Every structure is written in C-alpha cells, then in structure tokens.
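Structure, as structure tokens:
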Amino acid sequence: MTAVFSHGRLRLYLLKLLAEGPKHGYELIRLLENRFLGLYAPSAGTIYPRLARLENEGQVTHTAAGGRKVYDITDAGRAELAARQAELAELESEIQSSVADLETLANNIQREVSGSVRDIKRELREATRQARTPPGQSWPPGGRGWDWANRDWTGRGWAGRGDDPESDRGRHAGRGEGRGGSRGRGRESGDARGRTDNGEPDDGYASDADLADLATALTDLAGEVRRAAQQAGVGASEINSATAVVVGAITELRRLLRR
Amino acid sequence: MVAWTVTAPQRIDMGFDVGADAAKEITQLRVRLNAGRLTVVGTDGPPRVEISKMAGAPIKVTLEDGVMSVIHEDARTWPGILIPLWWLAFGRRFDCDVSVAVPYETLTRLWLASGSVTASGLQADVVADCVSGRVTLFGIAGALRAKVVSGPIEVLGCAGAVELETVSGEIVLADTTSGDVHAKTVSGSVTADLDNPPDRCDIKLETISGEITIRVREDSDLSVMLSAAHGRVTSEFPGLTGKGTWGSSSTGVIGTPAAGTGRLVATAVGGNIALLRRPIDADFDTAFDDVDDDDGSSASTGASRGSGR
C-alpha cells in the first residue's frame with residue numbers, strides 16, 4: 001500500500017482503474033480505499049483535480065450520465081499505461097503487503113504519508129508562487145504602485161534592494177513633475193535630494209541647509225500628493241496604489257537614512 | 001484483567017490469548033512509552049500488540065474492562081531535578097518498536113516522550129502527545145488532538161475536528177474533510193490543504209515565526225481574517241480587502257453565497273500567509289453526495305467515513 005498516493009503513482013493507478021472499465025468519481029474513491037486496506041479514503045477534492053488534469057492531457061475523457069460524470073480512459077491513456085507496465089507491476093506487488101505484518105505496514109504508512117506530504121507542499125508552494133506573480137491576480141487588485149512597493153522584499157529579498165533607489169527616486173521626481181503644479185520646485189527638490197545623498201561625504205554630517213532642503217521637499221511632496229488625490233475622477237484603486245507607493249518610499253527612505 | 005510483561009521482542013495476539021469475546025470488547029487504548037517508535041492501526045482482525053525491538057526496559061501490556069494499555073514500566077526514582085541526568089543515563093534502555101492493531105472504533109490515547117508516533121485507520125477519537133519526535137496521523141475519522149513540543153505533525157485524510165499544537169516544528173495537514181481545524185505552532189510553518197465542507201467551518205491557524213499556506217475549496221463560505229505582522233498576505237480569492245505592505249492583513253468574506261457562515265483566521269508574526277483555492281467540480285461532487293445520501297450519512301464526513309469496512 002505504499003505511495004499509491006504520491007503524484008505519479010496515483011495518476012498511474014487512476015489510469016489502471018479506468019482501464020478496467022468506465023467509472024464515476026465515487027467509485028474511484030472507493031476502489032482506491034480498498035487499495036489502502038481501508039485505512040484511508042482519498043477525498044473527492046484530491047481525486048478530482050488529478051482527473052481534470054489527466055483529462056486536459058488527453059488521457060481520460062468523461063461523459064455525463066444521469067447527472068454524474070463517468071470517466072473513461074482514452075487510447076493515449078492506454079498507451080501511457082502500457083508504457084509504464086513495469087512500474088505498475090511494482091506498484092501492485094507493494095500493495096499486496098497486508099495488515100498481517102504490522103511492522104512493514106508501519107514503515108509503509110510512514111513512507112506513504114511523508115511522500116504525499118512532500119508532494120502536497122511542493123504543489124502548494126508552486127500555487128503560491130503563481131498566485132503572487134501574475135499582476136492581474138496579485139492581491140489586492142492594485143496597479144503598478146503596489147507591485148513596486150512589494151517587488152523588492154518578496155521577490156529578491158533585501159539584498160536586491162540596494163541597486164535601485166536611484167531609479168525609484170527618478171520615477172518619483174518624474175511623477176511629481178507629471179502631475180503639473182509646481183514644476184520648478186519639483187525639479188529643485190530632486191536636486192536637493194541628489195545633493196543630500198550623493199554630494200555629501202560618507203563620514204560627514206549633513207549641514208543645516210541640506211536638512212532644510214529635505215524638509216522643503218517633504219512638504220512639497222505631501223502637499224502635492226494630497227492635491228492630486230483630491231482631484232475629481234481619482235478612483236479608490238489609484239488612491240490605494242498611491243498609498244502603497246508612499247509606504248514603500250517611506251520604507252526605502254528609512255533604510256537609506258539608517259545606515 | 002489480563003496482563004503481560006514483555007521483556008523480549010514478542011507478539012501478543014489478543015484474539016488467541018484472551019478469547020475472541022474479550023478481545024472484541026476493546027474500546028480504549030492507552031499507550032505510554034518513554035522512547036521508541038509507536039504505530040497504531042485500526043483493523044477488523046484480532047487486536048494484537050507486536051513488540052519487534054526492545055532495548056531492556058520491560059513493557060507492560062494489560063487488558064481490563066475493554067481498556068488496553070501498553071506502558072513502559074517506569075522505575076524512575078530519581079528526584080525531579082535530576083531527571084535529565086537520569087534520562088541521559090538510562091534513556092536508551094527504553095528504546096523499542098511497538099505496533100498495535102485495535103478495532104476501528106477504539107478511543108486512542110498515545111503518549112511518547114521521544115520518538116515517532118503513527119496512527120492510522122481509526123474511526124474514533126485520537127489523542128497523541130509527544131515530547132520530542134514526529135507525529136503522523138493518517139486516515140482518522142474521529143476527532144483528533146496532537147501535541148508535540150519539538151517535532152513536526154503530519155496529518156493526512158482526517159474527517160473529525162482537528163487540533164494540533166507544536167512548539168518547534170512544522171504542521172502539515174492535507175486532504176482533510178474536517179470543518180473544524182485548529183493548528184498552532186511557535187516556530188515552524190503551517191500548511192493546510194483542506195477539502196473542507198463549504199459552510200460553517202471553523203479554521204484557525206497560528207504561527208509565530210513561519211509561513212502559513214492554506215488551500216480551501218473555492219466554494220467555501222468563509223469570513224476571513226488573515227494577518228501577517230511582518231509578512232505579506234497573498235490570496236487567490238477576490239473580495240478581500242487588505243491594508244499595509246509591511247505587515248499586512250486582510251479581512252473579508254469569500255465564497256459564492258458569501259454569507260460568512262464559516263470562519264477562517266490565520267495569524268503569522270514573522271512570515272507570509274497565502275490563501276489558495278482548490279478547484280471543485282459540481283458534477284463530481286454530485287455523484288459523491290448522491291451515493292452518500294443513499295446510505296444516509298452526511299457529505300462532510302463522507303470521505304473517510306466507512307473507511308475500512
């Protein structure tokens with residue numbers, strides 16, 4: 001009764017059961033249970049996705065009979081079964097191990113469970129990664145701002161962050177200009193920040209003038225963002241994105257100034 | 001009362017030694033061992049105990065009023081404060097490999113100080129306590145409670161209420177039809193792949209320093225509260241509103257009726273939380289329910305119900 005359940009083998013076993021004749025889902029579950037010596041019956045939620053996958057790959061088809069889906073094997077499925085005949089024979093012989101020998105059974109259970117658990121963890125990790133990557137589905141449904149705010153510390157970790165504060169700052173300045181209003185001051189604040197960060201030697205202290213420039217830039221930023229947000233026609237999702245940008249900027253700045 | 005004191009590897013066949021009637025009346029199993037490997041399996045055959053390896057300390061097996069117990073004779077006379085020393089000196093004597101087969105409907109309570117515990121194919125409630133080691137539970141239809149101090153807990157295919165707790169170790173819960181799941185760990189991740197009933201679930205997962213990954217049926221009706229103090233919340237379900245990037249949390253109601261009859265709470269302090277959806281097929285489930293209704297039981301416990309009959 002080993003490892004019937006791990007990925008490749010459950011698939012093989014489903015094919016084998018279907019090769020014996022068309023069956024509906026419930027029947028498949030009961031038959032699998034028998035193979036587990038009645039210790040365990042996989043749930044519908046486990047079997048269905050695997051069948052759906054087999055169906056996508058063309059190994060299995062289904063017909064609806066009286067409100068129930070009846071699954072049947074296709075020629076492609078038979079071909080796979082034939083190709084994996086040796087593996088199937090091995091599987092069958094392992095299944096023969098019975099409750100009579102408790103020690104072997106114990107070993108098998110443990111191997112079985114840790115194998116399936118490993119599979120499931122891999123599957124979920126993969127699903128999690130997929131849930132994070134497509135921008136359309138990343139949560140919350142936000143725009144570029146959200147992605148920008150999250151990109152660094154989830155994707156590449158902290159180490160990856162060091163290389164783009166420049167470009168981020170550039171984007172900020174550009175945004176400020178793009179919104180119109182105080183063009184000159186926007187550029188000026190960009191300059192001021194450039195001086196604070198790059199012009200000063202690492203071991204020196206910032207002068208009062210530098211600090212004042214930074215303070216002006218900050219006030220400008222706050223005022224401008226507030227003005228832009230209060231304009232008519234700005235949707236909730238834009239506001240959310242903007243918030244994310246600001247929060248990300250704060251985190252970035254905190255890190256920058258702490259060193 | 002029947003009692004055996006086992007000092008060498010031995011197989012005790014209750015059906016044969018006690019008589020079939022007494023053996024059939026076993027309703028409870030209590031195991032208390034200090035070290036080793038313990039396996040409990042439900043069976044429709046005669047109950048039995050197999051001790052295939054033992055390092056010295058005798059094991060006492062008794063059967064009285066339907067209660068079977070398997071216990072290490074504990075000759076510990078040292079004062080409490082010296083117990084770690086005692087364990088260092090004599091712990092090895094307790095190493096053993098014990099397998100127990102009992103009827104499906106046996107209430108089971110297992111305690112093991114160090115080693116691995118496996119229980120499988122039981123219809124009644126199971127309580128497993130382990131100080132340091134691994135707990136594996138597989139195909140349990142009754143309520144389930146497992147506690148480990150240091151070590152992982154793996155649960156596969158269970159139908160009853162599930163309560164799991166570990167201090168340092170991972171919790172993995174998969175293919176579980178239960179609607180009542182509580183899992184708590186301090187340092188370790190929690191992975192729960194649930195085939196939960198669509199409504200009236202109560203799912204609560206907690207970890208301090210670890211990730212939480214949950215997969216629930218896409219038709220679940222849950223009011224959700226996910227909070228990651230220093231991590232990120234990812235959800236495949238639309239309809240959750242969240243706040244914060246650094247330490248995010250999200251709340252909302254998911255599901256098709258979205259009535260919020262169930263509850264899902266996940267709390268992580270130093271890790272991310274991911275909520276995933278498990279695809280379901282209405283027709284597949286219809287077939288499942290139909291047959292279940294025929295023999296008059298509910299769909300929620302259907303998957304593991306009747307296992308082993």
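Residue numbering restarts at 1 for every chain of the structure tokens, chains are lettered A, B, ... in their displayed order, and ligands are numbered from 1 as they appear.
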
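Around range 174-178 of chain B, within 6 Å and counting only C-alpha atoms, the residues found are Leu156, Gly157, Cys158, Ala159, Gly160, Ala161, Ala192, Asp193, Leu194, Asp195 and Asn196 of chain B, once anything fewer than 3 positions away on its own chain is removed.
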
Output C-alpha atoms for every residue in that selection, as a PDB file, in the first residue's frame.
```pdb
ATOM      1  CA  LEU B 156      -3.417  13.206   6.124  1.00  0.00           C
ATOM      2  CA  GLY B 157      -7.007  12.397   5.331  1.00  0.00           C
ATOM      3  CA  CYS B 158      -8.903  13.105   8.525  1.00  0.00           C
ATOM      4  CA  ALA B 159     -12.576  13.812   8.963  1.00  0.00           C
ATOM      5  CA  GLY B 160     -13.169  14.843  12.566  1.00  0.00           C
ATOM      6  CA  ALA B 161     -12.276  18.006  14.418  1.00  0.00           C
ATOM      7  CA  ALA B 192      -3.230  23.161   5.405  1.00  0.00           C
ATOM      8  CA  ASP B 193      -4.687  21.703   2.260  1.00  0.00           C
ATOM      9  CA  LEU B 194      -8.329  21.347   3.138  1.00  0.00           C
ATOM     10  CA  ASP B 195     -11.264  19.769   1.430  1.00  0.00           C
ATOM     11  CA  ASN B 196     -13.498  21.485   3.905  1.00  0.00           C
TER      12      ASN B 196
END
```

Long-range neighbours of Phe94 in chain B as a PyMOL selection string, 7 Å cut-off, only C-alpha atoms, 6 positions minimum in chain: chain B and resi 34-35+55-57

Write the selection just made, keeping N, CA and C atoms, as an mmCIF file, in the first residue's frame?
```
data_model
loop_
_atom_site.group_PDB
_atom_site.id
_atom_site.type_symbol
_atom_site.label_atom_id
_atom_site.label_comp_id
_atom_site.auth_asym_id
_atom_site.auth_seq_id
_atom_site.Cartn_x
_atom_site.Cartn_y
_atom_site.Cartn_z
ATOM 1 N N ASN B 34 8.320 5.605 26.874
ATOM 2 C CA ASN B 34 9.325 6.650 27.073
ATOM 3 C C ASN B 34 10.135 6.945 25.825
ATOM 4 N N ALA B 35 10.376 5.951 25.030
ATOM 5 C CA ALA B 35 11.141 6.209 23.814
ATOM 6 C C ALA B 35 10.802 5.136 22.805
ATOM 7 N N ALA B 55 15.016 -2.513 24.026
ATOM 8 C CA ALA B 55 16.396 -2.352 24.468
ATOM 9 C C ALA B 55 16.614 -2.742 25.914
ATOM 10 N N GLY B 56 15.588 -3.100 26.639
ATOM 11 C CA GLY B 56 15.841 -3.517 28.022
ATOM 12 C C GLY B 56 14.664 -3.287 28.937
ATOM 13 N N ALA B 57 14.198 -2.061 28.999
ATOM 14 C CA ALA B 57 13.122 -1.767 29.936
ATOM 15 C C ALA B 57 11.874 -2.559 29.572
#
```

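Across the structure, CA of Val102 in chain B and CA of Asp180 in chain B are spaced 26.0 Å apart.
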
Residues within 10 Å of range 256-271 of chain B, only C-alpha atoms, excluding chain neighbours under 4 positions, as a PyMOL selection string: chain B and resi 179-190+197-214+216+218-233+239+247+249+251-252+275

Counting only C-alpha atoms, the option among B:Leu164, B:Ile12, B:Ala119, B:Val127 closest to chain A: B:Ala119

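Interatomic distance, CA of Arg30 in chain B against CA of Phe138 in chain B: 18.4 Å.
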
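Remark: for chain B, the closest of the candidate residues A:Arg118, A:Arg9, A:Lys69, A:Arg84 is A:Lys69 (distances computed over only C-alpha atoms).
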
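If you measure from each of A:Leu257, A:Arg132, A:Gln110, A:Ile120 to Arg134 in chain B using only C-alpha atoms, the closest one turns out to be A:Gln110.
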
Residues within 6 Å of range 40-53 of chain B, only C-alpha atoms, excluding chain neighbours under 6 positions, as a list in words: Pro9, Gln10, Arg11, Ile12, Asp13, Met14, Gly15, Cys96, Asp97, Val98, Ser99, Val100, Ala101, Val102, Pro103, Tyr104, Ala119, Ser120, Gly121 and Leu122 of chain B

Using N, CA and C atoms, can you export the residues from the last selection as a PDB file, in the first residue's frame?
```pdb
ATOM      1  N   PRO B   9      11.434  -9.172  22.460  1.00  0.00           N
ATOM      2  CA  PRO B   9      10.513  -8.995  21.336  1.00  0.00           C
ATOM      3  C   PRO B   9       9.461 -10.099  21.308  1.00  0.00           C
ATOM      4  N   GLN B  10       8.228  -9.710  21.159  1.00  0.00           N
ATOM      5  CA  GLN B  10       7.148 -10.673  21.296  1.00  0.00           C
ATOM      6  C   GLN B  10       5.920 -10.179  20.564  1.00  0.00           C
ATOM      7  N   ARG B  11       5.075 -11.129  20.192  1.00  0.00           N
ATOM      8  CA  ARG B  11       3.815 -10.760  19.564  1.00  0.00           C
ATOM      9  C   ARG B  11       2.689 -11.285  20.443  1.00  0.00           C
ATOM     10  N   ILE B  12       1.811 -10.385  20.841  1.00  0.00           N
ATOM     11  CA  ILE B  12       0.695 -10.792  21.693  1.00  0.00           C
ATOM     12  C   ILE B  12      -0.569 -10.736  20.858  1.00  0.00           C
ATOM     13  N   ASP B  13      -1.166 -11.876  20.675  1.00  0.00           N
ATOM     14  CA  ASP B  13      -2.374 -11.933  19.863  1.00  0.00           C
ATOM     15  C   ASP B  13      -3.567 -12.019  20.796  1.00  0.00           C
ATOM     16  N   MET B  14      -4.286 -10.921  20.931  1.00  0.00           N
ATOM     17  CA  MET B  14      -5.356 -10.862  21.923  1.00  0.00           C
ATOM     18  C   MET B  14      -6.450 -11.875  21.613  1.00  0.00           C
ATOM     19  N   GLY B  15      -6.802 -11.983  20.366  1.00  0.00           N
ATOM     20  CA  GLY B  15      -7.886 -12.874  19.993  1.00  0.00           C
ATOM     21  C   GLY B  15      -7.587 -14.296  20.435  1.00  0.00           C
ATOM     22  N   CYS B  96      12.310   1.173  21.892  1.00  0.00           N
ATOM     23  CA  CYS B  96      11.546  -0.004  21.494  1.00  0.00           C
ATOM     24  C   CYS B  96      10.751   0.296  20.231  1.00  0.00           C
ATOM     25  N   ASP B  97      10.218  -0.728  19.657  1.00  0.00           N
ATOM     26  CA  ASP B  97       9.454  -0.597  18.435  1.00  0.00           C
ATOM     27  C   ASP B  97       8.142  -1.337  18.659  1.00  0.00           C
ATOM     28  N   VAL B  98       7.074  -0.600  18.844  1.00  0.00           N
ATOM     29  CA  VAL B  98       5.808  -1.214  19.240  1.00  0.00           C
ATOM     30  C   VAL B  98       4.742  -0.938  18.187  1.00  0.00           C
ATOM     31  N   SER B  99       4.080  -1.979  17.716  1.00  0.00           N
ATOM     32  CA  SER B  99       2.952  -1.804  16.808  1.00  0.00           C
ATOM     33  C   SER B  99       1.714  -2.395  17.459  1.00  0.00           C
ATOM     34  N   VAL B 100       0.617  -1.678  17.380  1.00  0.00           N
ATOM     35  CA  VAL B 100      -0.618  -2.144  18.000  1.00  0.00           C
ATOM     36  C   VAL B 100      -1.714  -2.144  16.949  1.00  0.00           C
ATOM     37  N   ALA B 101      -2.455  -3.210  16.863  1.00  0.00           N
ATOM     38  CA  ALA B 101      -3.634  -3.241  15.999  1.00  0.00           C
ATOM     39  C   ALA B 101      -4.858  -3.357  16.896  1.00  0.00           C
ATOM     40  N   VAL B 102      -5.812  -2.443  16.716  1.00  0.00           N
ATOM     41  CA  VAL B 102      -7.020  -2.447  17.542  1.00  0.00           C
ATOM     42  C   VAL B 102      -8.231  -2.315  16.634  1.00  0.00           C
ATOM     43  N   PRO B 103      -9.423  -2.614  17.153  1.00  0.00           N
ATOM     44  CA  PRO B 103     -10.616  -2.407  16.337  1.00  0.00           C
ATOM     45  C   PRO B 103     -10.752  -0.936  15.930  1.00  0.00           C
ATOM     46  N   TYR B 104     -11.439  -0.703  14.807  1.00  0.00           N
ATOM     47  CA  TYR B 104     -11.542   0.661  14.277  1.00  0.00           C
ATOM     48  C   TYR B 104     -12.092   1.666  15.276  1.00  0.00           C
ATOM     49  N   ALA B 119      -0.453   6.869  13.749  1.00  0.00           N
ATOM     50  CA  ALA B 119      -1.750   6.232  13.963  1.00  0.00           C
ATOM     51  C   ALA B 119      -2.508   6.274  12.650  1.00  0.00           C
ATOM     52  N   SER B 120      -3.197   5.202  12.359  1.00  0.00           N
ATOM     53  CA  SER B 120      -3.837   5.128  11.053  1.00  0.00           C
ATOM     54  C   SER B 120      -5.099   4.287  11.089  1.00  0.00           C
ATOM     55  N   GLY B 121      -6.056   4.679  10.263  1.00  0.00           N
ATOM     56  CA  GLY B 121      -7.251   3.874  10.072  1.00  0.00           C
ATOM     57  C   GLY B 121      -8.110   3.702  11.298  1.00  0.00           C
ATOM     58  N   LEU B 122      -8.343   4.777  12.047  1.00  0.00           N
ATOM     59  CA  LEU B 122      -9.186   4.664  13.226  1.00  0.00           C
ATOM     60  C   LEU B 122     -10.433   5.519  13.043  1.00  0.00           C
TER      61      LEU B 122
END
```

Å distance separating CA of Ser235 in chain B from CA of Val253 in chain B, one decimal place: 12.1 Å

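With distances taken over only C-alpha atoms, A:Leu124 is the one residue among A:Ala86, A:Leu124, A:Ile250, A:Ala229 lying closest to chain B.
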
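Nearest residue to chain B among A:Ile29, A:Ala209, A:Ala82, A:Ala19 is A:Ile29, counting only C-alpha atoms.
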